[in-house]
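Undergrad: The structure follows.
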Amino acid sequence: MCGIVGCKGNMDLRKYLINGLKDLDYRGYDSAGIAFILKEKINVYKFKGTVENLESKIPNHIDSDIGIGHTRWATHGVPNDTNAHPHLSFHQHFAIVHNGVIENYKDIKDELIQQGFEFKSETDSEAIVNLIEYYYLQNNDVLKSLFLIGQKLKGSFAIALLHESEPDKLYFYKQASPLLIGVSNDFNLLASDAAPMIKLTKKFIDLEDGQYGYLTSTNQFLFCNGRPIDIVYSNKEPELLVKDLNGYPHFMLKEIEEIDIVIKRIMNHYFYEDKFHFDSKLIEAINECDHVTFIACGTSYHASLIGARYFESLEKNTSVFIASEWAYYPKFLGNKTLYIMLSQSGETADSIRCMQMLSKLGAPILVVTNTKGSTMERNATYSLLLYAGLEVAVASTKAYSAMITTLALLCEACKNNIDVIDDLNNVCKSIRKIYFQKEQILQIARQIKNSPDVFFLGRGYDYEMSLEASLKLKEISYIHSEGVPGGELKHGPIALIDKNVPVIVFISDKIVALSMRGNIKEVESRGAKTFIISSRSLKHEGDAFVVDDTPIYLSPLLKSIFAFYLAYFVSLEKGLNVDKPRNLAKAVTVE
Ligand code: F6R
C-alpha cells in the first residue's frame with residue numbers, strides 16, 4: 001500500500017527520496033512522486049509507473065533541504081499522473097502525501113467546492129490538503145489547521161506536508177496508518193516504515209495515533225490534541241531491517257532460504273540458558289484463560305489455524321477468525337478469553353479495527369508480529385516479536401514459519417517441554433536438506449505451470465498448510481487453486497477434477513495416511529495427475545517429493561517449504577513478477 005517518505009535537513013534530498021521510495025516499493029504501488037521547496041515555491045514531479053521512471057524525469061541535482069515522496073497504490077481513482085501524489089492545494093500553498101483512506105472525503109470535497117475550491121484529482125487525499133489550506137487561510141497557523149483536520153476527517157491518514165512559506169518545517173500527522181520518524185543530528189526523516197531510514201539512523205520515534213507536529217533540521221516537535229507532548233525515542237536493529245538481495249535473484253527465494261536461520265533466531269530469543277524466556281504475565285494469562293480466539297488475515301490467518309491446534313494441546317477451547325469478518329460479525333466467547341492476533345506487518349487495517357474493538361472492551365490481546373513499533377505491537381496487552389527480519393516479497397514465507405515457530409515455543413513453554421528445542425533443531429536440518437533438493441520442485445512446477453486450476457489436499461495440519469500452499473500459488477502464479485480437506489473432496493470439489501487439474505497431496509500424519517491414499521485413487525481415477533508430498537516413514541514408491549519425518553505439530557514447517565518453492569518456481573517459469581504480484585500490496589493498511 002502507499003508509501004511515504006520525507007526529509008528535512010543537511011542531506012542528499014534526491015537520493016533519500018528516491019532510494020527511500022525504492023525501499024518502500026515492496027509495499028506495492030502504481031505511481032510515484034516527489035515534492036520539494038525551492039525559493040519558497042513547491043515543485044512537484046509525479047507520474048504513473050515506477051520509481052525508476054520518476055527518477056529519470058526529475059532534475060539530477062535538487063538544491064533543496066526539505067521534501068516529501070510517495071508511492072501510490074490506487075484506492076480512489078485510477079492510477080494516472082493526476083491521481084499520483086504529492087497533491088497541491090488549490091492555492092498551491094501546500095503539498096501533501098497521504099497513506100490511508102478518508103471515509104468522509106466526499107462531504108468535505110462538496111463543502112470546499114462551495115467555498116470556491118477546485119479539485120484536480122479523483123483522490124480522497126486532495127480533500128485533506130485543501131481542508132488544511134482552507135483552515136490555514138482562516139487562522140494563519142499550520143499546527144492549528146492540523147489539529148482541526150484531526151477533528152474533521154474520518155478514516156485513516158498518515159500524511160507529510162510541505163508549506164511553501166515555511167521551508168524550515170516538515171509537517172506530519174499520524175492517524176490509523178503507519179508513520180515513523182527517523183532522528184539524526186542535522187537532519188530528520190519520516191517514512192511509512194523503518195526500511196528507508198535504517199541506513200541513516202538507528203534512532204526513531206514511533207508515532208501514536210492522533211500525534212502530529214513538525215521536523216526542523218535539528219529538532220522534532222510533537223503534539224496531540226492541541227498540546228505539545230514529550231517524545232519517546234526507540235532504537236531499531238539495522239540488520240533486521242535492511243532491504244538487500246544478498247546475491248539472490250528475488251526476495252522471495254532469499255526469504256525462503258532464510259527460514260532455518262529465522263527459526264534458530266527465534267529459539268535464541270525465547271529459549272536460552274536451558275530455560276524458556278516468555279513474559280511471566282503472558283504465561284499466567286494463558287494458564288488462566290479458558291478460550292483462545294485468533295484473529296488475522298491471509299497467511300497470518302493460516303498460521304493462526306496451526307496455532308489454534310497448539311493451544312488445543314493445552315486444553316483450551318479455540319476459535320480462529322478472519323479479521324475482516326470478525327470486525328463486522330464479532331463473536332465473544334466468554335470473559336476468560338485471550339485474543340491472539342498474528343500480523344507480519346503489525347499494520348493491517350482489518351486486524352487493527354478488531355484490536356480497537358477489543359481494546360475498548362479491555363480484552364487481553366497478544367500480538368505476534370514481525371514489526372517492532374508497529375501499531376499492533378504498541379497497542380497490545382502482550383506482544384511477541386518474530387525476529388524474521390524485513391520481509392520484502394509480497395508473498396509472505398518466512399513470517400509464516402516464524403509465527404508457527406513462536407507459537408510452538410510459547411505453547412511448549414506453557415507445558416515446560418524443552419523437547420521442542422531438539423524438534424526445532426531437527427526441523428532446521430531438514431529444511432536445509434530441502435534447499436538442496438529444490439531442483440525436484442522446479443520439475444514439478446514445470447508440470448503444473450500451464451494448468452488453469454490446481455488442488456491441494458491434506459487432512460489435519462496438512463489441510464491447514466494446504467490453504468497456505470494454495471494462497472501462495474494463486475497470488476504469485478495467478479493460477480486458480482484451492483486447498484481442500486481430503487475428506488471433503490467427495491462432498492463437492494471432486495466434480496472439478498479431470499485430467500487438466502493437477503492435485504498436490506500432503507501426507508504427514510500416520511492416522512490419516514490411508515485415507516489420503518484413498519483420496520489419491522479417487523482423483524487419479526478421474527484422470528487427475530497427482531503429486532504426493534509425503535513424510536519419509538509414510539512414503540510410497542512414486543511419491544513426488546519426500547521430506548524428513550518430524551513430530552506432526554511441526555510438519556507445516558517442512559511441507560510449507562515445498563509449497564513456497566513450488567509457488568516461486570511456477571511464477572518464475574511463467575515469467576511473472578515473483579516479488580510484486582499484480583494487485584497486491586505488502587502491508588494492507590486500508591480496509
Ligand atoms: C500472503 C500475504 C497476505 C498477508 C495478509 C496479512 O502471502 O502476505 O495474505 O498475510 O495481508 O498481513 P499481515 O500479516 O501483515 O497482517
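Quick note on naming: the chains in the C-alpha cells go A, B, ... in the order shown, residues restart at 1 in each chain, and ligands are numbered from 1 in order of appearance.
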As a PyMOL selection string, please: the residues near Ser156 of chain A (cut-off 9 Å, only C-alpha atoms, same-chain neighbours under 5 positions excluded).
TA: chain A and resi 99-103+174-177+589-590
Undergrad: List all protein, DNA and RNA residues that have any atom at most 6 Å from ligand 1, counting only C-alpha atoms and all ligand atoms, and write the list as number ranges by chain.
TA: A: 297-300, 343-346, 348, 394-396, 472, 587-588
Undergrad: What gap, in Å, lies between atom CA of Ser555 of chain A and atom CA of Ser537 of chain A?
TA: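 Interatomic distance, atom CA of Ser555 of chain A to atom CA of Ser537 of chain A: 13.0 Å.
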Undergrad: Wanna dump the segment 547-579 of chain A-segment 239-263 of chain A contacts at 10 Å for me, each residue with its shortest atom pair and the distance in Å to one decimal, counting only C-alpha atoms, ordered by chain and number, as a Markdown table?
TA:
```
| residue | atom | partner | partner_atom | distance |
| --- | --- | --- | --- | --- |
| A:Leu557 | CA | A:Ile259 | CA | 9.2 |
| A:Ser560 | CA | A:Ile256 | CA | 9.7 |
| A:Ile561 | CA | A:Ile256 | CA | 7.1 |
| A:Phe562 | CA | A:Ile256 | CA | 9.8 |
| A:Phe564 | CA | A:Ile256 | CA | 7.1 |
| A:Tyr565 | CA | A:Ile256 | CA | 7.6 |
| A:Ala567 | CA | A:Met252 | CA | 10.0 |
| A:Tyr568 | CA | A:Leu253 | CA | 7.3 |
| A:Phe569 | CA | A:Leu253 | CA | 9.4 |
| A:Leu572 | CA | A:His250 | CA | 9.8 |
| A:Asn577 | CA | A:His250 | CA | 9.4 |
| A:Val578 | CA | A:Met252 | CA | 7.2 |
| A:Asp579 | CA | A:Met252 | CA | 6.1 |
```
Undergrad: Can you pull out the residues contacting Asn416 of chain A? Cut-off 10 Å, using only C-alpha atoms, and skip same-chain residues under 5 positions away; I want them as a ChimeraX atom specification.
TA: /A:275-276,409-411
